[in-house]
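Visitor: This is the content of query-v1.txt (compact mmCIF, C-alpha atoms and all ligand atoms):
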# COMPACT_ATOMS: atom_id res chain seq x y z
CA MET A 1 0.00 0.00 0.00
CA LYS A 2 1.11 3.51 -0.76
CA VAL A 3 1.44 6.10 2.00
CA THR A 4 2.38 9.71 1.37
CA VAL A 5 4.28 11.47 4.12
CA GLY A 6 3.81 15.25 4.03
CA VAL A 7 6.65 17.10 5.70
CA SER A 8 6.00 20.69 6.73
CA GLY A 9 8.50 23.21 8.03
CA GLY A 10 9.25 22.62 11.66
CA ILE A 11 12.37 21.65 13.54
CA ALA A 12 10.85 18.18 13.95
CA ALA A 13 11.18 17.67 10.16
CA TYR A 14 14.35 15.67 10.80
CA LYS A 15 12.26 13.09 12.65
CA SER A 16 10.32 12.35 9.43
CA ALA A 17 13.30 10.37 8.13
CA GLU A 18 13.00 7.88 10.98
CA LEU A 19 9.22 7.79 10.57
CA ILE A 20 9.64 6.85 6.91
CA ARG A 21 11.88 3.93 7.93
CA ASP A 22 9.32 2.76 10.48
CA LEU A 23 6.54 2.92 7.90
CA GLN A 24 8.67 0.97 5.43
CA LYS A 25 9.18 -1.73 8.08
CA GLN A 26 5.42 -2.24 7.84
CA ALA A 27 5.83 -3.05 4.14
CA LEU A 28 4.36 0.28 3.06
CA ASP A 29 5.49 2.06 -0.09
CA VAL A 30 6.33 5.54 1.20
CA HIS A 31 6.36 8.69 -0.92
CA VAL A 32 7.25 12.16 0.33
CA VAL A 33 5.85 15.61 -0.33
CA MET A 34 7.63 18.59 1.25
CA THR A 35 6.57 22.17 1.75
CA GLN A 36 9.03 24.90 0.88
CA ALA A 37 9.58 25.68 4.56
CA ALA A 38 10.43 22.04 5.28
CA GLN A 39 13.30 22.26 2.79
CA HIS A 40 14.99 24.80 5.08
CA PHE A 41 15.21 22.09 7.74
CA ILE A 42 16.03 18.98 5.70
CA GLN A 43 17.08 18.22 2.14
CA PRO A 44 14.71 16.42 -0.27
CA LEU A 45 17.68 14.22 -1.17
CA THR A 46 17.52 12.51 2.24
CA PHE A 47 13.93 11.44 1.60
CA ALA A 48 14.60 10.51 -2.05
CA ALA A 49 17.43 8.22 -0.92
CA LEU A 50 15.29 6.65 1.81
CA THR A 51 12.20 6.07 -0.30
CA GLY A 52 13.70 5.47 -3.73
CA HIS A 53 11.12 7.87 -5.17
CA LYS A 54 11.31 11.43 -6.41
CA VAL A 55 10.36 13.85 -3.62
CA ILE A 56 7.67 16.32 -4.61
CA THR A 57 8.62 19.81 -3.51
CA GLY A 58 6.43 22.21 -5.49
CA LEU A 59 3.38 22.66 -7.67
CA TRP A 60 5.26 23.85 -10.70
CA ALA A 61 7.80 22.32 -13.04
CA PRO A 62 11.37 22.96 -11.85
CA GLU A 63 13.31 25.82 -13.42
CA GLY A 64 14.68 24.93 -16.82
CA ALA A 65 12.01 22.25 -17.43
CA ASP A 66 9.75 22.48 -20.45
CA PRO A 67 7.08 25.06 -19.42
CA GLY A 68 4.61 23.34 -21.71
CA ASP A 69 4.99 20.05 -19.87
CA ALA A 70 1.61 19.44 -18.27
CA ALA A 71 2.85 16.43 -16.32
CA SER A 72 3.88 18.33 -13.21
CA ALA A 73 0.72 20.43 -13.23
CA ILE A 74 -1.47 17.36 -12.82
CA GLU A 75 0.97 15.47 -10.64
CA HIS A 76 -0.81 16.42 -7.41
CA ILE A 77 -4.09 15.02 -8.66
CA GLU A 78 -2.44 11.73 -9.53
CA ALA A 79 -0.52 11.62 -6.25
CA ALA A 80 -3.75 12.40 -4.40
CA GLN A 81 -5.67 9.68 -6.21
CA THR A 82 -3.13 6.90 -5.91
CA THR A 83 -2.19 7.24 -2.25
CA ASP A 84 -3.91 5.04 0.35
CA ALA A 85 -3.23 7.51 3.17
CA LEU A 86 -1.71 10.96 3.64
CA VAL A 87 0.16 11.49 6.89
CA VAL A 88 1.57 14.93 7.68
CA ALA A 89 4.36 14.76 10.24
CA PRO A 90 5.38 17.19 11.50
CA ALA A 91 2.26 19.30 10.88
CA THR A 92 2.93 22.96 11.69
CA ALA A 93 0.31 25.45 12.89
CA ASP A 94 0.49 26.97 9.40
CA ILE A 95 -0.29 23.73 7.56
CA LEU A 96 -3.16 22.95 9.95
CA ALA A 97 -4.60 26.41 9.28
CA LYS A 98 -4.29 25.96 5.53
CA PHE A 99 -5.94 22.52 5.62
CA ALA A 100 -8.75 23.83 7.84
CA HIS A 101 -9.47 26.74 5.49
CA GLY A 102 -8.99 24.97 2.19
CA ILE A 103 -6.02 27.07 1.08
CA ALA A 104 -4.19 25.28 -1.71
CA ASP A 105 -1.04 27.26 -2.44
CA ASP A 106 1.52 24.47 -2.68
CA PHE A 107 1.67 20.78 -3.52
CA LEU A 108 0.87 19.44 -0.05
CA THR A 109 -2.14 21.69 0.57
CA THR A 110 -3.46 21.03 -2.94
CA MET A 111 -3.03 17.30 -2.48
CA TYR A 112 -4.91 17.47 0.82
CA LEU A 113 -7.92 18.96 -0.96
CA ALA A 114 -7.68 16.57 -3.88
CA THR A 115 -7.39 13.29 -1.98
CA THR A 116 -10.22 11.10 -0.75
CA ALA A 117 -7.78 8.89 1.18
CA PRO A 118 -7.71 9.09 4.99
CA VAL A 119 -5.60 11.96 6.32
CA ILE A 120 -3.58 11.90 9.52
CA VAL A 121 -1.80 14.88 11.03
CA ALA A 122 0.84 14.77 13.74
CA PRO A 123 1.23 18.36 14.95
CA ALA A 124 4.48 19.72 16.37
CA MET A 125 5.03 23.31 17.44
CA ASN A 126 5.78 25.68 20.29
CA VAL A 127 3.46 25.22 23.28
CA ASN A 128 1.85 28.66 22.96
CA MET A 129 1.16 28.11 19.27
CA TRP A 130 -0.33 24.70 20.13
CA GLN A 131 -2.58 26.14 22.82
CA HIS A 132 -3.64 29.17 20.78
CA PRO A 133 -7.41 29.18 20.19
CA ALA A 134 -6.80 29.57 16.44
CA THR A 135 -4.81 26.32 16.31
CA GLN A 136 -7.29 24.52 18.52
CA ALA A 137 -10.23 25.74 16.40
CA ASN A 138 -8.45 24.55 13.24
CA LEU A 139 -7.89 21.13 14.80
CA GLU A 140 -11.54 20.96 15.78
CA THR A 141 -12.52 21.74 12.17
CA LEU A 142 -10.17 19.08 10.83
CA ALA A 143 -11.36 16.49 13.33
CA ALA A 144 -14.97 17.20 12.31
CA ARG A 145 -13.89 16.46 8.74
CA ASN A 146 -12.52 13.10 9.76
CA VAL A 147 -8.85 14.05 9.82
CA ARG A 148 -7.14 11.82 12.36
CA ILE A 149 -5.02 13.79 14.82
CA VAL A 150 -2.07 12.17 16.57
CA GLN A 151 -1.79 14.34 19.66
CA PRO A 152 1.61 15.86 20.40
CA GLU A 153 3.35 15.00 23.62
CA SER A 154 4.41 17.18 26.50
CA GLY A 155 8.07 17.72 27.23
CA TYR A 156 11.13 19.78 26.41
CA LEU A 157 10.59 21.67 23.13
CA ALA A 158 13.20 22.88 20.66
CA CYS A 159 12.29 26.48 21.52
CA GLY A 160 13.51 25.88 25.08
CA MET A 161 10.03 25.82 26.61
CA ILE A 162 8.42 22.91 28.35
CA GLY A 163 4.87 21.91 27.46
CA ALA A 164 2.64 20.25 24.89
CA GLY A 165 3.75 20.47 21.27
CA ARG A 166 6.43 17.83 20.82
CA LEU A 167 5.83 15.54 17.84
CA ALA A 168 4.25 12.25 18.94
CA GLU A 169 6.48 9.18 19.04
CA ASN A 170 6.81 7.39 15.70
CA GLU A 171 5.10 4.37 17.21
CA ALA A 172 1.88 6.35 17.75
CA ILE A 173 2.00 7.80 14.23
CA VAL A 174 2.64 4.39 12.63
CA GLU A 175 -0.19 2.94 14.72
CA ALA A 176 -2.58 5.63 13.44
CA VAL A 177 -1.52 4.96 9.83
CA LEU A 178 -1.98 1.20 10.19
CA SER A 179 -5.30 1.69 11.90
CA VAL A 180 -6.74 3.86 9.09
CA LEU A 181 -5.38 1.51 6.42
CA HIS A 182 -6.68 -1.56 8.19
CA HIS A 183 -10.11 -0.11 8.79
CA ARG A 184 -10.49 1.42 5.40
CA ASN A 185 -13.84 0.24 4.09
CA ASP A 186 -14.30 -2.60 6.57
CA LEU A 187 -17.88 -1.34 7.05
CA ALA A 188 -18.59 -1.07 3.32
CA GLY A 189 -21.99 -2.56 2.53
CA GLU A 190 -23.32 -1.89 6.05
CA THR A 191 -26.02 0.67 6.79
CA VAL A 192 -25.57 1.88 10.35
CA LEU A 193 -28.52 3.56 12.00
CA ILE A 194 -27.33 5.56 15.02
CA THR A 195 -29.35 7.54 17.53
CA ALA A 196 -27.68 10.36 19.43
CA GLY A 197 -28.37 13.26 21.78
CA GLY A 198 -30.94 13.61 24.52
CA THR A 199 -34.64 13.59 23.70
CA ARG A 200 -36.84 16.42 24.96
CA GLU A 201 -40.39 16.05 26.20
CA ALA A 202 -42.36 19.29 26.03
CA LEU A 203 -44.10 20.58 29.16
CA ASP A 204 -45.47 23.70 27.53
CA PRO A 205 -44.48 25.74 24.46
CA VAL A 206 -41.25 26.97 26.12
CA ARG A 207 -40.16 24.24 28.53
CA PHE A 208 -39.18 20.61 28.28
CA LEU A 209 -37.92 17.69 30.33
CA GLY A 210 -34.46 16.78 29.08
CA ASN A 211 -31.19 15.19 30.10
CA ARG A 212 -27.46 15.93 30.07
CA SER A 213 -26.50 13.99 26.96
CA SER A 214 -24.29 16.07 24.63
CA GLY A 215 -24.58 13.65 21.69
CA LYS A 216 -20.77 13.56 21.34
CA MET A 217 -20.49 9.77 21.60
CA GLY A 218 -23.20 9.08 19.01
CA TYR A 219 -21.78 11.68 16.61
CA ALA A 220 -18.29 10.21 17.01
CA MET A 221 -19.74 6.77 16.20
CA ALA A 222 -21.45 8.20 13.10
CA GLU A 223 -18.24 9.83 11.89
CA ALA A 224 -16.17 6.72 12.51
CA ALA A 225 -18.65 4.42 10.76
CA GLN A 226 -18.86 6.74 7.76
CA ARG A 227 -15.07 6.91 7.55
CA ARG A 228 -14.94 3.13 7.47
CA GLY A 229 -17.20 2.93 4.47
CA ALA A 230 -20.68 2.49 5.99
CA ARG A 231 -23.76 4.33 4.91
CA VAL A 232 -24.81 6.14 8.08
CA ILE A 233 -28.22 7.39 9.17
CA LEU A 234 -27.95 9.55 12.29
CA VAL A 235 -31.25 10.11 14.09
CA SER A 236 -30.36 13.01 16.30
CA ALA A 237 -32.15 14.64 19.19
CA PRO A 238 -31.07 18.28 19.68
CA THR A 239 -27.32 18.79 20.22
CA ALA A 240 -24.88 21.68 19.78
CA LEU A 241 -22.79 19.60 17.38
CA ARG A 242 -22.06 20.11 13.72
CA ALA A 243 -23.52 17.41 11.45
CA PRO A 244 -20.79 14.99 10.35
CA THR A 245 -20.00 15.05 6.63
CA ASN A 246 -21.55 12.44 4.33
CA VAL A 247 -23.97 11.28 7.00
CA GLU A 248 -27.74 11.41 6.57
CA VAL A 249 -28.97 13.33 9.62
CA VAL A 250 -32.61 13.00 10.70
CA PRO A 251 -33.36 15.64 13.34
CA VAL A 252 -35.91 14.70 16.01
CA ILE A 253 -36.96 16.18 19.33
CA SER A 254 -39.09 13.83 21.41
CA THR A 255 -38.91 10.12 22.13
CA GLU A 256 -41.93 9.57 19.94
CA ASP A 257 -40.26 11.41 17.02
CA MET A 258 -37.17 9.30 17.53
CA ARG A 259 -39.18 6.09 17.62
CA ASN A 260 -40.94 6.94 14.36
CA ALA A 261 -37.70 8.00 12.67
CA VAL A 262 -35.93 4.79 13.74
CA LEU A 263 -38.71 2.31 13.01
CA SER A 264 -39.50 3.80 9.59
CA ARG A 265 -35.83 3.33 8.56
CA LEU A 266 -35.23 0.01 10.27
CA ASP A 267 -35.55 -2.07 7.10
CA GLN A 268 -32.59 -0.18 5.58
CA ALA A 269 -30.29 -0.86 8.54
CA THR A 270 -27.85 -3.71 9.07
CA ILE A 271 -26.58 -2.33 12.40
CA VAL A 272 -28.53 -0.24 14.94
CA ILE A 273 -26.59 1.67 17.59
CA LYS A 274 -28.77 3.36 20.20
CA ALA A 275 -26.41 5.90 21.73
CA ALA A 276 -29.19 8.42 22.49
CA ALA A 277 -30.26 9.19 26.04
CA VAL A 278 -33.99 8.67 25.69
CA ALA A 279 -36.56 10.08 28.09
CA ASP A 280 -38.29 7.31 30.02
CA TYR A 281 -41.26 9.53 30.92
CA ARG A 282 -43.15 12.36 29.30
CA PRO A 283 -45.83 14.72 30.64
CA ARG A 284 -49.24 13.10 30.23
CA MET A 285 -50.63 16.43 29.08
CA GLN A 286 -48.77 19.18 27.33
CA ALA A 287 -49.95 22.69 28.28
CA GLY A 288 -51.07 24.63 25.21
CA GLN A 289 -49.90 27.91 26.77
CA LYS A 290 -46.90 28.74 28.92
CA LEU A 291 -47.42 27.46 32.48
CA ARG A 292 -47.73 30.33 34.98
CA ARG A 293 -46.17 30.35 38.41
CA SER A 294 -48.83 29.60 41.03
CA GLY A 295 -47.71 27.60 44.06
CA PRO A 296 -46.49 24.00 44.04
CA LEU A 297 -46.80 22.06 40.80
CA THR A 298 -46.99 18.30 40.38
CA LEU A 299 -46.18 16.85 36.99
CA ASP A 300 -48.21 13.89 35.84
CA LEU A 301 -45.88 11.69 33.77
CA GLU A 302 -46.46 8.61 31.65
CA PRO A 303 -43.85 6.13 30.38
CA THR A 304 -42.52 6.50 26.83
CA GLU A 305 -42.16 3.54 24.52
CA ASP A 306 -38.82 1.71 24.73
CA ILE A 307 -37.38 2.20 21.23
CA LEU A 308 -34.63 -0.35 21.69
CA ALA A 309 -37.12 -3.01 22.70
CA ALA A 310 -39.31 -2.08 19.69
CA VAL A 311 -36.28 -2.51 17.40
CA VAL A 312 -35.45 -5.91 18.89
CA GLU A 313 -39.08 -7.01 18.46
CA ARG A 314 -38.94 -6.18 14.74
CA ARG A 315 -35.40 -7.36 14.03
CA ARG A 316 -34.61 -9.30 10.88
CA GLN A 317 -31.97 -11.98 10.68
CA GLY A 318 -28.48 -10.47 10.57
CA LEU A 319 -29.44 -7.13 12.12
CA LEU A 320 -27.06 -6.22 14.93
CA VAL A 321 -28.59 -4.20 17.77
CA VAL A 322 -26.39 -2.34 20.23
CA GLY A 323 -27.66 -0.24 23.14
CA PHE A 324 -25.91 2.18 25.47
CA ALA A 325 -26.46 2.40 29.19
CA ALA A 326 -25.30 5.17 31.51
CA GLU A 327 -25.24 3.91 35.08
CA THR A 328 -24.23 5.42 38.40
CA GLU A 329 -24.08 2.33 40.67
CA ASP A 330 -23.80 -1.46 40.36
CA VAL A 331 -22.77 -0.71 36.82
CA LEU A 332 -22.01 -4.22 35.57
CA ALA A 333 -25.08 -5.78 37.20
CA HIS A 334 -27.43 -3.13 35.76
CA GLY A 335 -25.77 -3.46 32.35
CA ARG A 336 -26.11 -7.22 32.32
CA ASP A 337 -29.74 -6.97 33.37
CA LYS A 338 -30.44 -4.42 30.63
CA LEU A 339 -28.73 -6.54 27.97
CA LEU A 340 -30.91 -9.54 28.76
CA ARG A 341 -34.10 -7.55 29.36
CA LYS A 342 -33.80 -5.63 26.10
CA GLY A 343 -32.53 -8.53 23.99
CA ALA A 344 -29.77 -6.46 22.38
CA ASP A 345 -26.59 -8.08 21.01
CA ALA A 346 -24.44 -5.78 23.13
CA ILE A 347 -24.64 -2.91 25.57
CA VAL A 348 -21.99 -0.19 25.76
CA LEU A 349 -21.84 0.42 29.46
CA ASN A 350 -20.89 3.78 30.82
CA ASP A 351 -20.12 4.53 34.46
CA VAL A 352 -21.18 8.18 34.63
CA SER A 353 -20.21 8.50 38.29
CA ARG A 354 -16.53 8.61 37.20
CA GLU A 355 -14.81 12.02 37.07
CA GLY A 356 -13.90 13.46 33.68
CA VAL A 357 -15.65 10.92 31.49
CA GLY A 358 -19.19 10.45 30.17
CA PHE A 359 -21.75 13.25 29.79
CA ASP A 360 -20.53 16.38 28.06
CA SER A 361 -16.90 15.26 28.33
CA ASP A 362 -14.71 14.62 25.28
CA ARG A 363 -13.44 11.47 26.93
CA ASN A 364 -15.13 8.27 27.90
CA ALA A 365 -14.37 4.85 29.33
CA VAL A 366 -16.82 2.04 28.67
CA THR A 367 -17.35 -1.67 29.01
CA PHE A 368 -18.57 -3.51 25.92
CA LEU A 369 -20.95 -6.08 27.26
CA THR A 370 -22.26 -9.09 25.36
CA ARG A 371 -24.00 -12.17 26.69
CA ASP A 372 -20.72 -14.00 27.09
CA ARG A 373 -18.18 -11.37 27.98
CA ALA A 374 -17.49 -7.93 29.36
CA MET A 375 -14.68 -6.14 27.55
CA GLU A 376 -13.33 -3.13 29.41
CA LEU A 377 -12.11 -0.50 26.93
CA PRO A 378 -9.53 2.03 28.14
CA GLU A 379 -10.27 5.70 28.81
CA LEU A 380 -9.93 7.43 25.43
CA THR A 381 -11.33 10.40 23.54
CA LYS A 382 -14.84 9.71 22.29
CA ARG A 383 -13.52 9.73 18.72
CA GLU A 384 -10.90 7.08 19.50
CA LEU A 385 -13.36 5.07 21.52
CA ALA A 386 -15.89 5.15 18.68
CA GLY A 387 -13.40 3.19 16.56
CA ARG A 388 -12.82 0.63 19.30
CA ILE A 389 -16.57 0.13 19.80
CA LEU A 390 -17.04 -0.39 16.05
CA ASP A 391 -14.28 -3.03 16.15
CA GLU A 392 -16.18 -4.85 18.89
CA ILE A 393 -19.48 -4.57 17.00
CA LEU A 394 -17.90 -5.98 13.83
CA ALA A 395 -16.40 -8.83 15.86
CA LEU A 396 -19.99 -9.85 16.69
CA ARG A 397 -20.36 -10.82 13.04
CA GLN A 398 -17.64 -13.44 13.46
CA PRO A 399 -18.85 -17.06 13.77
CA SER A 400 -17.01 -17.64 17.07
CA GLN A 401 -19.07 -14.86 18.64
CA VAL A 402 -22.33 -16.34 17.42
CA LEU A 403 -21.39 -19.68 18.94
CA ALA A 404 -20.28 -18.05 22.14
CA GLU A 405 -23.62 -16.32 22.48
CA THR A 406 -25.39 -19.64 22.76
CA ASP A 407 -23.38 -20.29 25.89
CA ALA A 408 -25.53 -19.18 28.81
CA GLY A 409 -22.55 -18.52 31.09
CA LEU A 410 -21.07 -15.03 31.36
CA ARG A 411 -17.31 -14.86 31.11
CA VAL A 412 -15.70 -11.63 32.17
CA SER A 413 -12.49 -10.65 30.42
CA GLY A 414 -10.67 -7.39 30.75
CA ASP A 415 -8.09 -7.80 28.01
N1 LIG A 501 -33.78 3.40 25.21
C1 LIG A 501 -34.73 3.43 24.22
N2 LIG A 501 -35.98 3.90 24.48
C2 LIG A 501 -36.32 4.34 25.71
C3 LIG A 501 -35.35 4.32 26.74
C4 LIG A 501 -34.09 3.83 26.45
O1 LIG A 501 -34.42 3.01 23.11
N3 LIG A 501 -37.54 4.80 25.92
C5 LIG A 501 -32.46 2.88 24.87
C6 LIG A 501 -31.34 3.88 25.00
O2 LIG A 501 -31.10 4.56 23.78
C7 LIG A 501 -30.17 3.01 25.37
C8 LIG A 501 -30.77 1.87 26.15
O3 LIG A 501 -32.17 1.87 25.80
O4 LIG A 501 -29.53 2.48 24.25
C9 LIG A 501 -30.63 1.95 27.61
O5 LIG A 501 -31.19 3.16 28.06
P1 LIG A 501 -31.44 3.40 29.61
O6 LIG A 501 -32.11 4.72 29.79
O7 LIG A 501 -30.16 3.15 30.33
O8 LIG A 501 -32.42 2.17 29.91
P2 LIG A 501 -33.82 2.09 30.55
O9 LIG A 501 -34.48 0.90 29.96
O10 LIG A 501 -34.52 3.38 30.39
O11 LIG A 501 -33.49 1.74 32.04
P3 LIG A 501 -33.33 2.67 33.34
O12 LIG A 501 -33.60 4.09 32.90
O13 LIG A 501 -34.32 2.13 34.28
O14 LIG A 501 -31.92 2.46 33.79
How does the structure come out when it is put into structure tokens?
Ligand code: CTP
Guide:
Amino acid sequence: MKVTVGVSGGIAAYKSAELIRDLQKQALDVHVVMTQAAQHFIQPLTFAALTGHKVITGLWAPEGADPGDAASAIEHIEAAQTTDALVVAPATADILAKFAHGIADDFLTTMYLATTAPVIVAPAMNVNMWQHPATQANLETLAARNVRIVQPESGYLACGMIGAGRLAENEAIVEAVLSVLHHRNDLAGETVLITAGGTREALDPVRFLGNRSSGKMGYAMAEAAQRRGARVILVSAPTALRAPTNVEVVPVISTEDMRNAVLSRLDQATIVIKAAAVADYRPRMQAGQKLRRSGPLTLDLEPTEDILAAVVERRRQGLLVVGFAAETEDVLAHGRDKLLRKGADAIVLNDVSREGVGFDSDRNAVTFLTRDRAMELPELTKRELAGRILDEILALRQPSQVLAETDAGLRVSGD
């Protein structure tokens, strides 16, 4: 497989040589594109010698070449189309900004726009540049567009300061490259129906009963599934999140809306992931006008329909159904009970009593629970975790899992 390493102009550019070697050890055919600034730090010749390929350093034909030669002018399109992944290491603040804003003023930035292959960036810069809101906003934009970010490490920086901004270890970058290559299109042919966000049950025209779900986990699942080649339908209760690209978003508000949206699309789905936090009760009556303050008020609530149970009731052969459960105590016992009661293939179990993970956080730590095992996944960003959960869901399709599910015993494994 062909991997293009983009080298931009930072002091860490010298580390790209070692990265290229490490990628080659994984039997990858590595090509290099350099920005002009990168050539102040390291010579193209180094990379040409390492890779055995011409290093691309500019958009235009070199001086003295035939100006009518169209080959170099379309080179970036060909390079963009034939690569299986583009990994930019080191990625400077400048290159991140250009990628985020679609500026295409050299070969690397043009190739970024022209490629449909997965893109990975490994930023490296001074700590203040890293922490600057402009850089962080650009990273957020890139992450929302499915660019994989290998976070820099903290430590002693070339500028003499100590802090975050040091290029990640090669091992982490290689791991990210292998992971995107391995997962490329492994969900092709699947239609994944995902619910996300927290449903709202109206009390009157201005108030509702809601919950603290941010929708981040469900959106991360939608992005990850789309990136891996699935068709994705995201039934979303209100969130403050931007819709992921190339995902069909169906906006809903109440549990009943969500139920109708899910059930009417169920026959298209091959995998259902119910990440939404769904209201269990709704007001029996909704006031037509705004409720006025007048002494104590008792709300009369009625149960909503359990959408997950309705999905399981209507499931066709081969449909995988995965629920989420946020618990505050006896987490494993409640999860196990829910898995059996609801008849889902798996429950992603979330201990929301833990600090710094779960609701509204960008991080999460979950247990993937099936009838025969409980797999504890490490604390990760929700984006990273989304990939791990999809791996576990896909593993359910494997014959050994189907056999294991007929075993009534519950084996707990934490590996
Ligand atoms: N769920 C659903 N419809 C509901 C309530 C929950 O589809 N009316 C789904 C959620 O999307 C989630 C799973 O069921 O995937 C578990 O949700 P949870 O609220 O934890 O389960 P409940 O059955 O409501 O149990 P309890 O609130 O008593 O813990």
Visitor: Could you give me the residues within 9 Å of ligand LIG 501 (chain A), counting only C-alpha atoms and all ligand atoms, as a PyMOL selection string?
Guide: chain A and resi 195-196+255-256+258-259+273-281+303-311+322-327+334-335+338-339+341-342+347-349
Visitor: Rounded to one decimal, what separation in Å do you get between atom CA of A:Thr110 and atom CA of A:Thr82?
Guide: 14.4 Å
Visitor: One decimal, Å: what's the distance from atom CA of A:His40 over to atom CA of A:Tyr112, could you say?
Guide: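 Straight-line distance from atom CA of A:His40 to atom CA of A:Tyr112 works out to 21.6 Å.
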Visitor: Could you list as a list in words every residue that has an atom within 12 Å of (-27.3, 22.2, 19.1), using the file's coordinates and counting only C-alpha atoms?
Guide: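 Residues satisfying the cut-off, written out: Ala196, Gly197, Gly198, Ser213, Ser214, Gly215, Lys216, Ser236, Ala237, Pro238, Thr239, Ala240, Leu241, Arg242, Ala243, Pro251, Val252 and Ile253 of chain A.
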Visitor: Give me a file of those residues, with C-alpha atoms, as a PDB file, in the coordinates of the input.
Guide:
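Output saved as selection-v4.pdb:
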ATOM      1  CA  ALA A 196     -27.680  10.360  19.430  1.00  0.00           C
ATOM      2  CA  GLY A 197     -28.370  13.260  21.780  1.00  0.00           C
ATOM      3  CA  GLY A 198     -30.940  13.610  24.520  1.00  0.00           C
ATOM      4  CA  SER A 213     -26.500  13.990  26.960  1.00  0.00           C
ATOM      5  CA  SER A 214     -24.290  16.070  24.630  1.00  0.00           C
ATOM      6  CA  GLY A 215     -24.580  13.650  21.690  1.00  0.00           C
ATOM      7  CA  LYS A 216     -20.770  13.560  21.340  1.00  0.00           C
ATOM      8  CA  SER A 236     -30.360  13.010  16.300  1.00  0.00           C
ATOM      9  CA  ALA A 237     -32.150  14.640  19.190  1.00  0.00           C
ATOM     10  CA  PRO A 238     -31.070  18.280  19.680  1.00  0.00           C
ATOM     11  CA  THR A 239     -27.320  18.790  20.220  1.00  0.00           C
ATOM     12  CA  ALA A 240     -24.880  21.680  19.780  1.00  0.00           C
ATOM     13  CA  LEU A 241     -22.790  19.600  17.380  1.00  0.00           C
ATOM     14  CA  ARG A 242     -22.060  20.110  13.720  1.00  0.00           C
ATOM     15  CA  ALA A 243     -23.520  17.410  11.450  1.00  0.00           C
ATOM     16  CA  PRO A 251     -33.360  15.640  13.340  1.00  0.00           C
ATOM     17  CA  VAL A 252     -35.910  14.700  16.010  1.00  0.00           C
ATOM     18  CA  ILE A 253     -36.960  16.180  19.330  1.00  0.00           C
TER      19      ILE A 253
END
Visitor: With all atoms listed in the file as the counted atoms, please give the residues lying no more than 8 Å from stretch 5-11 of chain A, apart from itself and same-chain residues fewer than 4 positions off, as number ranges by chain.
Guide: A: 16, 20, 30-41, 86-92, 95, 108, 124-125, 158
Visitor: Set the distance at 6 Å and use only C-alpha atoms: which residues neighbour A:Val321 once local chain neighbours fewer than 6 positions away are removed? I'd like the list as a PyMOL selection string.
Guide: chain A and resi 272+344-345
Visitor: Just the number, please: distance in Å from atom CA of A:Pro283 to atom CA of A:Leu297, one decimal.
Guide: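 Here the two named atoms are 12.6 Å from each other.
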Visitor: Kindly indicate which residue among A:Arg314, A:Leu209, A:Ser294, A:Gln131 lies nearest to A:Ser264, using all atoms listed in the file for the distances.
Guide: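 Of A:Arg314, A:Leu209, A:Ser294, A:Gln131, the one nearest A:Ser264, counting all atoms listed in the file, is A:Arg314.
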Visitor: With all atoms listed in the file as the counted atoms, please give the residues lying no more than 6 Å from A:Arg284, apart from itself and same-chain residues fewer than 5 positions off, as an MDAnalysis selection string.
Guide: chainID A and resid 300:302
Visitor: Export C-alpha atoms of the chosen residues as a tab-separated table (two decimals), keeping the file's coordinate frame?
Guide:
chain	number	residue	atom	x	y	z
A	300	ASP	CA	-48.21	13.89	35.84
A	301	LEU	CA	-45.88	11.69	33.77
A	302	GLU	CA	-46.46	8.61	31.65
Visitor: Take every atom of stretch 114-133 of chain A listed in the file, pad by 5 Å on each side, and give me the axis-aligned box centre and edge lengths in Å, one decimal, as AutoDock Vina command-line options.
Guide:
--center_x -2.2 --center_y 19.0 --center_z 9.7 --size_x 26.0 --size_y 30.3 --size_z 37.2
Visitor: Taking all atoms listed in the file into account, which of A:Val150, A:Leu390, A:Ala79, A:Ala202 comes nearest A:Asn170?
Guide: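 Comparing A:Val150, A:Leu390, A:Ala79, A:Ala202 against A:Asn170, the winner is A:Val150.
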Visitor: Taking (-8.1, 18.4, 8.0) in the file's coordinates as the center, which residues reach within 10 Å of it, counting all atoms listed in the file, put as a list of chain:residue names?
Guide: A:Ile95, A:Leu96, A:Ala97, A:Lys98, A:Phe99, A:Ala100, A:His101, A:Gly102, A:Tyr112, A:Leu113, A:Pro118, A:Val119, A:Ile120, A:Val121, A:Asn138, A:Leu139, A:Glu140, A:Thr141, A:Leu142, A:Ala143, A:Ala144, A:Arg145, A:Asn146, A:Val147, A:Arg148, A:Ile149
Visitor: For a quick check of understanding, using only C-alpha atoms, which of A:Ala137, A:Ala104, A:Ile42, A:Leu380 has the smallest distance to A:Leu59?
Guide: A:Ala104
Visitor: Closest to A:Ile77 among A:Glu171, A:Phe208, A:Thr115, A:Thr109, using all atoms listed in the file?
Guide: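 Smallest separation from A:Ile77 among the options: A:Thr115.
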Visitor: Between A:Gly318, A:Gly218, A:Gly210, A:Pro205, single out the one closest to A:Gly288, counting all atoms listed in the file.
Guide: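 For A:Gly288, the nearest of the given residues is A:Pro205.
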